[in-house]
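J.: Dumping the structure here so I can ask a few things about it.
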Amino acid sequence: MELLPEKHAILVIHGPNLNMLGKREPEVYGKATLDDINTALKETGNRLGVRVEAFQSNHEGAIVEKIQEIMNSHQGLIINPGAYTHTSVAIRDALLLLNFPVVEVHLSNIYKREPFRHHSMIAGVATGQISGLGSDGYILALEYLARRCQAIAQF
Ligand code: DQA
């Protein structure tokens with residue numbers, strides 16, 4: 001019996017307050033809820049042949065632990081660390097454990113906003129960053145990661 005190859009697994013981490021999307025400052029973050037975004041990501045994953053999982057937490061330590069967990073089980077990470085983007089050395093250090101691509105996503109353009117949002121602790125260790133494209137940013141990040149997975153699978 002021929003075994004089907006395992007699908008590549010991509011995790012999406014949503015940081016604090018992103019569970020309130022839809023209700024939270026819709027003029028900044030849009031009207032889509034977190035469920036809308038996760039559903040669109042899973043549908044896109046099905047189309048692209050990758051498995052998408054989503055995780056949200058309001059707690060820095062829980063996000064660090066999730067990153068540690070996926071070291072050997074996943075092939076890509078999309079992370080919107082919310083406000084931890086600007087403060088978290090712990091999340092930055094955890095990301096350095098990963099030897100696969102990491103895309104940092106922000107719904108809003110953090111460089112057009114208050115000065116304290118202009119600095120990302122994460123950007124220096126991420127593969128790349130998408131900021132200001134609303135929920136499309138997650139889909140574009142997933143398309144990039146799926147393309148990277150396919151490139152690796154061809155070797
Ligand atoms: C955010 C930008 C952060 O500055 C903010 O704290 C968030 C959301 C974004 O997606 O635009 O919670 O990461």
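By order of appearance in the structure tokens: chains A, B, ..., then residues from 1 within every chain, and ligands from 1 in the order shown.
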Please build the interface table for chain A against ligand 1 with a cut-off of 8 Å, listing for each qualifying residue the nearest atom pair and the distance in Å to one decimal; count only C-alpha atoms and all ligand atoms, order rows by chain and increasing number, and write it as a Markdown table.
T.:
```
| residue | atom | partner | partner_atom_place_in_ligand_line | distance |
| --- | --- | --- | --- | --- |
| A:Gly15 | CA | ligand 1 | 12 (O) | 7.1 |
| A:Pro16 | CA | ligand 1 | 12 (O) | 6.3 |
| A:Asn17 | CA | ligand 1 | 12 (O) | 6.0 |
| A:Leu18 | CA | ligand 1 | 12 (O) | 6.3 |
| A:Val28 | CA | ligand 1 | 11 (O) | 7.7 |
| A:Tyr29 | CA | ligand 1 | 11 (O) | 6.5 |
| A:Asn80 | CA | ligand 1 | 13 (O) | 5.5 |
| A:Pro81 | CA | ligand 1 | 13 (O) | 5.9 |
| A:Gly82 | CA | ligand 1 | 12 (O) | 3.3 |
| A:Ala83 | CA | ligand 1 | 6 (O) | 3.3 |
| A:Tyr84 | CA | ligand 1 | 6 (O) | 7.0 |
| A:Thr85 | CA | ligand 1 | 13 (O) | 6.7 |
| A:His86 | CA | ligand 1 | 4 (O) | 7.1 |
| A:Val105 | CA | ligand 1 | 10 (O) | 6.6 |
| A:His106 | CA | ligand 1 | 10 (O) | 3.4 |
| A:Leu107 | CA | ligand 1 | 10 (O) | 3.8 |
| A:Ser108 | CA | ligand 1 | 11 (O) | 3.6 |
| A:Asn109 | CA | ligand 1 | 11 (O) | 6.2 |
| A:Ile110 | CA | ligand 1 | 2 (C) | 5.9 |
| A:Arg117 | CA | ligand 1 | 4 (O) | 5.1 |
| A:Ser131 | CA | ligand 1 | 11 (O) | 7.0 |
| A:Gly132 | CA | ligand 1 | 11 (O) | 6.9 |
| A:Gly134 | CA | ligand 1 | 10 (O) | 7.8 |
```
J.: Can you write out the residues you just picked, keeping N, CA, C and O atoms, as a compact mmCIF listing (two decimals), in the first residue's frame?
T.:
```
# COMPACT_ATOMS: atom_id res chain seq x y z
N GLY A 15 -1.44 36.78 19.05
CA GLY A 15 -1.12 37.23 20.40
C GLY A 15 -2.28 37.94 21.10
O GLY A 15 -3.44 37.82 20.68
N PRO A 16 -1.95 38.68 22.16
CA PRO A 16 -2.99 39.26 23.03
C PRO A 16 -3.94 40.21 22.31
O PRO A 16 -3.53 40.97 21.44
N ASN A 17 -5.18 40.11 22.74
CA ASN A 17 -6.29 40.96 22.27
C ASN A 17 -6.75 40.66 20.85
O ASN A 17 -7.74 41.23 20.39
N LEU A 18 -6.06 39.77 20.17
CA LEU A 18 -6.50 39.45 18.81
C LEU A 18 -7.73 38.55 18.81
O LEU A 18 -8.41 38.43 17.80
N VAL A 28 -9.11 50.40 12.86
CA VAL A 28 -7.67 50.10 12.78
C VAL A 28 -7.46 48.66 12.29
O VAL A 28 -6.63 48.40 11.41
N TYR A 29 -8.23 47.72 12.86
CA TYR A 29 -7.94 46.30 12.63
C TYR A 29 -8.92 45.60 11.69
O TYR A 29 -8.73 44.43 11.38
N ASN A 80 1.47 36.89 14.70
CA ASN A 80 1.15 38.28 15.02
C ASN A 80 1.22 38.36 16.55
O ASN A 80 0.29 37.95 17.24
N PRO A 81 2.33 38.86 17.07
CA PRO A 81 2.48 38.85 18.53
C PRO A 81 1.72 39.97 19.24
O PRO A 81 1.88 40.13 20.46
N GLY A 82 0.88 40.73 18.51
CA GLY A 82 0.13 41.81 19.13
C GLY A 82 1.08 42.76 19.84
O GLY A 82 2.19 43.04 19.35
N ALA A 83 0.70 43.22 21.02
CA ALA A 83 1.52 44.19 21.75
C ALA A 83 2.87 43.61 22.17
O ALA A 83 3.84 44.37 22.37
N TYR A 84 2.98 42.28 22.27
CA TYR A 84 4.28 41.67 22.62
C TYR A 84 5.34 41.91 21.55
O TYR A 84 6.54 41.75 21.81
N THR A 85 4.89 42.27 20.34
CA THR A 85 5.82 42.63 19.27
C THR A 85 6.85 43.63 19.77
O THR A 85 8.03 43.56 19.42
N HIS A 86 6.35 44.57 20.57
CA HIS A 86 7.18 45.73 20.92
C HIS A 86 7.95 45.53 22.23
O HIS A 86 8.73 46.39 22.60
N VAL A 105 3.32 39.06 11.08
CA VAL A 105 2.21 39.75 10.40
C VAL A 105 1.57 40.75 11.35
O VAL A 105 1.36 40.45 12.54
N HIS A 106 1.27 41.92 10.83
CA HIS A 106 0.47 42.92 11.55
C HIS A 106 -0.66 43.39 10.66
O HIS A 106 -0.42 43.69 9.48
N LEU A 107 -1.85 43.45 11.23
CA LEU A 107 -3.01 43.94 10.47
C LEU A 107 -2.80 45.40 10.09
O LEU A 107 -3.05 45.81 8.95
N SER A 108 -2.39 46.20 11.07
CA SER A 108 -2.18 47.63 10.82
C SER A 108 -0.73 47.86 10.41
O SER A 108 0.13 47.00 10.63
N ASN A 109 -0.48 49.03 9.82
CA ASN A 109 0.89 49.40 9.47
C ASN A 109 1.52 50.03 10.72
O ASN A 109 1.26 51.18 11.04
N ILE A 110 2.33 49.23 11.41
CA ILE A 110 2.85 49.69 12.71
C ILE A 110 3.75 50.91 12.57
O ILE A 110 3.92 51.67 13.52
N ARG A 117 5.12 51.81 18.62
CA ARG A 117 4.83 50.62 17.79
C ARG A 117 5.84 50.47 16.65
O ARG A 117 5.79 49.49 15.90
N SER A 131 3.09 44.15 7.14
CA SER A 131 2.48 45.08 8.08
C SER A 131 1.56 46.03 7.31
O SER A 131 2.01 46.67 6.36
N GLY A 132 0.29 46.07 7.70
CA GLY A 132 -0.61 47.07 7.13
C GLY A 132 -1.51 46.58 6.02
O GLY A 132 -2.26 47.37 5.46
N GLY A 134 -3.95 44.41 6.42
CA GLY A 134 -5.16 43.83 7.00
C GLY A 134 -5.09 42.32 7.00
O GLY A 134 -3.99 41.73 7.03
```
J.: Extract, using only C-alpha atoms, all DNA, RNA and protein residues at most 12 Å from A:Ala153, discarding same-chain residues fewer than 4 positions from it, and format them as a PyMOL selection string.
T.: chain A and resi 5-8+50+75+146-149
J.: Any chance you could export the current selection's all heavy atoms as a PDB file, in the first residue's frame?
T.:
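Output below, filename part_4.pdb:
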```
ATOM      1  N   PRO A   5       2.193  11.177   1.299  1.00  0.00           N
ATOM      2  CA  PRO A   5       3.148  11.975   2.068  1.00  0.00           C
ATOM      3  C   PRO A   5       2.413  12.856   3.073  1.00  0.00           C
ATOM      4  O   PRO A   5       1.322  13.344   2.802  1.00  0.00           O
ATOM      5  CB  PRO A   5       3.842  12.840   1.001  1.00  0.00           C
ATOM      6  CG  PRO A   5       2.991  12.761  -0.219  1.00  0.00           C
ATOM      7  CD  PRO A   5       2.146  11.526  -0.122  1.00  0.00           C
ATOM      8  N   GLU A   6       3.022  13.046   4.264  1.00  0.00           N
ATOM      9  CA  GLU A   6       2.465  13.942   5.298  1.00  0.00           C
ATOM     10  C   GLU A   6       2.390  15.356   4.744  1.00  0.00           C
ATOM     11  O   GLU A   6       3.317  15.826   4.092  1.00  0.00           O
ATOM     12  CB  GLU A   6       3.412  13.964   6.501  1.00  0.00           C
ATOM     13  CG  GLU A   6       3.099  12.938   7.538  1.00  0.00           C
ATOM     14  CD  GLU A   6       1.940  13.375   8.422  1.00  0.00           C
ATOM     15  OE1 GLU A   6       2.101  14.375   9.131  1.00  0.00           O
ATOM     16  OE2 GLU A   6       0.902  12.693   8.386  1.00  0.00           O
ATOM     17  N   LYS A   7       1.290  16.039   5.030  1.00  0.00           N
ATOM     18  CA  LYS A   7       1.203  17.444   4.611  1.00  0.00           C
ATOM     19  C   LYS A   7       2.126  18.291   5.467  1.00  0.00           C
ATOM     20  O   LYS A   7       2.290  18.028   6.661  1.00  0.00           O
ATOM     21  CB  LYS A   7      -0.222  17.947   4.826  1.00  0.00           C
ATOM     22  CG  LYS A   7      -1.147  17.671   3.686  1.00  0.00           C
ATOM     23  CD  LYS A   7      -2.447  18.428   3.912  1.00  0.00           C
ATOM     24  CE  LYS A   7      -3.405  18.143   2.787  1.00  0.00           C
ATOM     25  NZ  LYS A   7      -4.703  18.783   3.016  1.00  0.00           N
ATOM     26  N   HIS A   8       2.706  19.312   4.887  1.00  0.00           N
ATOM     27  CA  HIS A   8       3.487  20.254   5.687  1.00  0.00           C
ATOM     28  C   HIS A   8       2.545  20.995   6.634  1.00  0.00           C
ATOM     29  O   HIS A   8       1.423  21.327   6.268  1.00  0.00           O
ATOM     30  CB  HIS A   8       4.206  21.253   4.780  1.00  0.00           C
ATOM     31  CG  HIS A   8       5.345  20.636   4.053  1.00  0.00           C
ATOM     32  ND1 HIS A   8       5.298  20.317   2.728  1.00  0.00           N
ATOM     33  CD2 HIS A   8       6.568  20.274   4.489  1.00  0.00           C
ATOM     34  CE1 HIS A   8       6.451  19.773   2.369  1.00  0.00           C
ATOM     35  NE2 HIS A   8       7.241  19.730   3.418  1.00  0.00           N
ATOM     36  N   VAL A  50      -1.303  22.476   2.325  1.00  0.00           N
ATOM     37  CA  VAL A  50      -0.600  22.483   3.622  1.00  0.00           C
ATOM     38  C   VAL A  50      -1.637  22.472   4.744  1.00  0.00           C
ATOM     39  O   VAL A  50      -2.766  22.922   4.562  1.00  0.00           O
ATOM     40  CB  VAL A  50       0.336  23.717   3.789  1.00  0.00           C
ATOM     41  CG1 VAL A  50       1.493  23.663   2.824  1.00  0.00           C
ATOM     42  CG2 VAL A  50      -0.426  25.030   3.654  1.00  0.00           C
ATOM     43  N   GLN A  75       6.634  23.165   9.818  1.00  0.00           N
ATOM     44  CA  GLN A  75       7.586  23.617   8.788  1.00  0.00           C
ATOM     45  C   GLN A  75       7.486  25.110   8.515  1.00  0.00           C
ATOM     46  O   GLN A  75       8.203  25.644   7.663  1.00  0.00           O
ATOM     47  CB  GLN A  75       7.348  22.840   7.478  1.00  0.00           C
ATOM     48  CG  GLN A  75       7.802  21.392   7.514  1.00  0.00           C
ATOM     49  CD  GLN A  75       6.904  20.488   8.347  1.00  0.00           C
ATOM     50  OE1 GLN A  75       5.686  20.642   8.348  1.00  0.00           O
ATOM     51  NE2 GLN A  75       7.507  19.542   9.055  1.00  0.00           N
ATOM     52  N   ALA A 146       3.870  28.224   2.010  1.00  0.00           N
ATOM     53  CA  ALA A 146       3.538  27.021   1.232  1.00  0.00           C
ATOM     54  C   ALA A 146       4.513  26.873   0.067  1.00  0.00           C
ATOM     55  O   ALA A 146       4.972  25.773  -0.244  1.00  0.00           O
ATOM     56  CB  ALA A 146       2.104  27.108   0.721  1.00  0.00           C
ATOM     57  N   ARG A 147       4.858  27.998  -0.547  1.00  0.00           N
ATOM     58  CA  ARG A 147       5.824  27.970  -1.642  1.00  0.00           C
ATOM     59  C   ARG A 147       7.180  27.479  -1.145  1.00  0.00           C
ATOM     60  O   ARG A 147       7.848  26.674  -1.788  1.00  0.00           O
ATOM     61  CB  ARG A 147       5.948  29.403  -2.189  1.00  0.00           C
ATOM     62  CG  ARG A 147       6.509  29.470  -3.561  1.00  0.00           C
ATOM     63  CD  ARG A 147       6.553  30.882  -4.040  1.00  0.00           C
ATOM     64  NE  ARG A 147       5.226  31.456  -4.249  1.00  0.00           N
ATOM     65  CZ  ARG A 147       5.040  32.658  -4.767  1.00  0.00           C
ATOM     66  NH1 ARG A 147       6.069  33.407  -5.097  1.00  0.00           N
ATOM     67  NH2 ARG A 147       3.822  33.110  -4.955  1.00  0.00           N
ATOM     68  N   ARG A 148       7.604  27.944   0.030  1.00  0.00           N
ATOM     69  CA  ARG A 148       8.883  27.493   0.617  1.00  0.00           C
ATOM     70  C   ARG A 148       8.842  25.996   0.906  1.00  0.00           C
ATOM     71  O   ARG A 148       9.812  25.283   0.660  1.00  0.00           O
ATOM     72  CB  ARG A 148       9.182  28.257   1.910  1.00  0.00           C
ATOM     73  CG  ARG A 148       9.659  29.670   1.722  1.00  0.00           C
ATOM     74  CD  ARG A 148      11.128  29.740   1.321  1.00  0.00           C
ATOM     75  NE  ARG A 148      12.007  29.147   2.309  1.00  0.00           N
ATOM     76  CZ  ARG A 148      12.705  29.821   3.218  1.00  0.00           C
ATOM     77  NH1 ARG A 148      12.631  31.130   3.238  1.00  0.00           N
ATOM     78  NH2 ARG A 148      13.479  29.207   4.074  1.00  0.00           N
ATOM     79  N   CYS A 149       7.696  25.506   1.439  1.00  0.00           N
ATOM     80  CA  CYS A 149       7.567  24.063   1.737  1.00  0.00           C
ATOM     81  C   CYS A 149       7.682  23.254   0.459  1.00  0.00           C
ATOM     82  O   CYS A 149       8.345  22.213   0.426  1.00  0.00           O
ATOM     83  CB  CYS A 149       6.216  23.762   2.377  1.00  0.00           C
ATOM     84  SG  CYS A 149       6.085  24.335   4.068  1.00  0.00           S
TER      85      CYS A 149
END
```
J.: Nearest to A:Ile122: which of A:Ala9, A:Ala90, A:Leu145, A:Leu34 is it, counting only C-alpha atoms?
T.: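 Counting only C-alpha atoms, the residue closest to A:Ile122 is A:Ala90.
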J.: Excluding same-chain residues fewer than 4 positions from stretch 64-70 of chain A, what lies within 12 Å of it counting only C-alpha atoms, as a count of residues only?
T.: 37
J.: Rounded to one decimal, what separation in Å do you get between atom CA of A:Asn38 and atom CA of A:Asn19?
T.: 11.1 Å
J.: Quick one: distance from atom CA of A:Arg51 to atom CA of A:Asp136 in Å, one decimal?
T.: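 If I compute the distance from atom CA of A:Arg51 to atom CA of A:Asp136, I get 18.4 Å.
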J.: Pull the helix (DSSP H, G or I) assignments for stretch 33-151 of chain A out of DSSP run on the backbone, and list those residues as a ChimeraX atom specification.
T.: /A:34-48,60-69,82-86,89-95,110-112,115-117,136-151
J.: Considering only C-alpha atoms, state which residue in the set A:Ala126, A:Leu133, A:Met71, A:Leu48 is at the smallest distance from A:Gln150.
T.: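 Among the listed residues, the smallest separation from A:Gln150 belongs to A:Leu48.
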J.: Which parts of stretch 20-143 of chain A does DSSP call strand (DSSP E or B) when run on the backbone here, written out as a PDB file with C-alpha atoms, in the first residue's frame?
T.:
```pdb
ATOM      1  CA  VAL A  50      -0.600  22.483   3.622  1.00  0.00           C
ATOM      2  CA  ARG A  51      -2.137  21.859   7.055  1.00  0.00           C
ATOM      3  CA  VAL A  52      -2.892  25.079   8.945  1.00  0.00           C
ATOM      4  CA  GLU A  53      -3.328  25.189  12.734  1.00  0.00           C
ATOM      5  CA  ALA A  54      -4.220  28.281  14.730  1.00  0.00           C
ATOM      6  CA  PHE A  55      -3.406  29.237  18.324  1.00  0.00           C
ATOM      7  CA  GLN A  56      -4.349  32.383  20.244  1.00  0.00           C
ATOM      8  CA  GLY A  76       6.458  27.247   9.002  1.00  0.00           C
ATOM      9  CA  LEU A  77       5.100  29.835  11.428  1.00  0.00           C
ATOM     10  CA  ILE A  78       2.979  32.948  10.982  1.00  0.00           C
ATOM     11  CA  ILE A  79       2.968  35.108  14.106  1.00  0.00           C
ATOM     12  CA  ASN A  80       1.147  38.283  15.023  1.00  0.00           C
ATOM     13  CA  VAL A 102       8.763  32.635  10.344  1.00  0.00           C
ATOM     14  CA  VAL A 103       6.597  35.461   8.988  1.00  0.00           C
ATOM     15  CA  GLU A 104       5.614  38.303  11.329  1.00  0.00           C
ATOM     16  CA  VAL A 105       2.210  39.748  10.397  1.00  0.00           C
ATOM     17  CA  HIS A 106       0.471  42.919  11.555  1.00  0.00           C
ATOM     18  CA  GLY A 128      10.127  38.637   6.883  1.00  0.00           C
ATOM     19  CA  GLN A 129       7.335  40.943   7.962  1.00  0.00           C
ATOM     20  CA  ILE A 130       3.983  41.996   6.476  1.00  0.00           C
ATOM     21  CA  SER A 131       2.479  45.082   8.079  1.00  0.00           C
TER      22      SER A 131
END
```
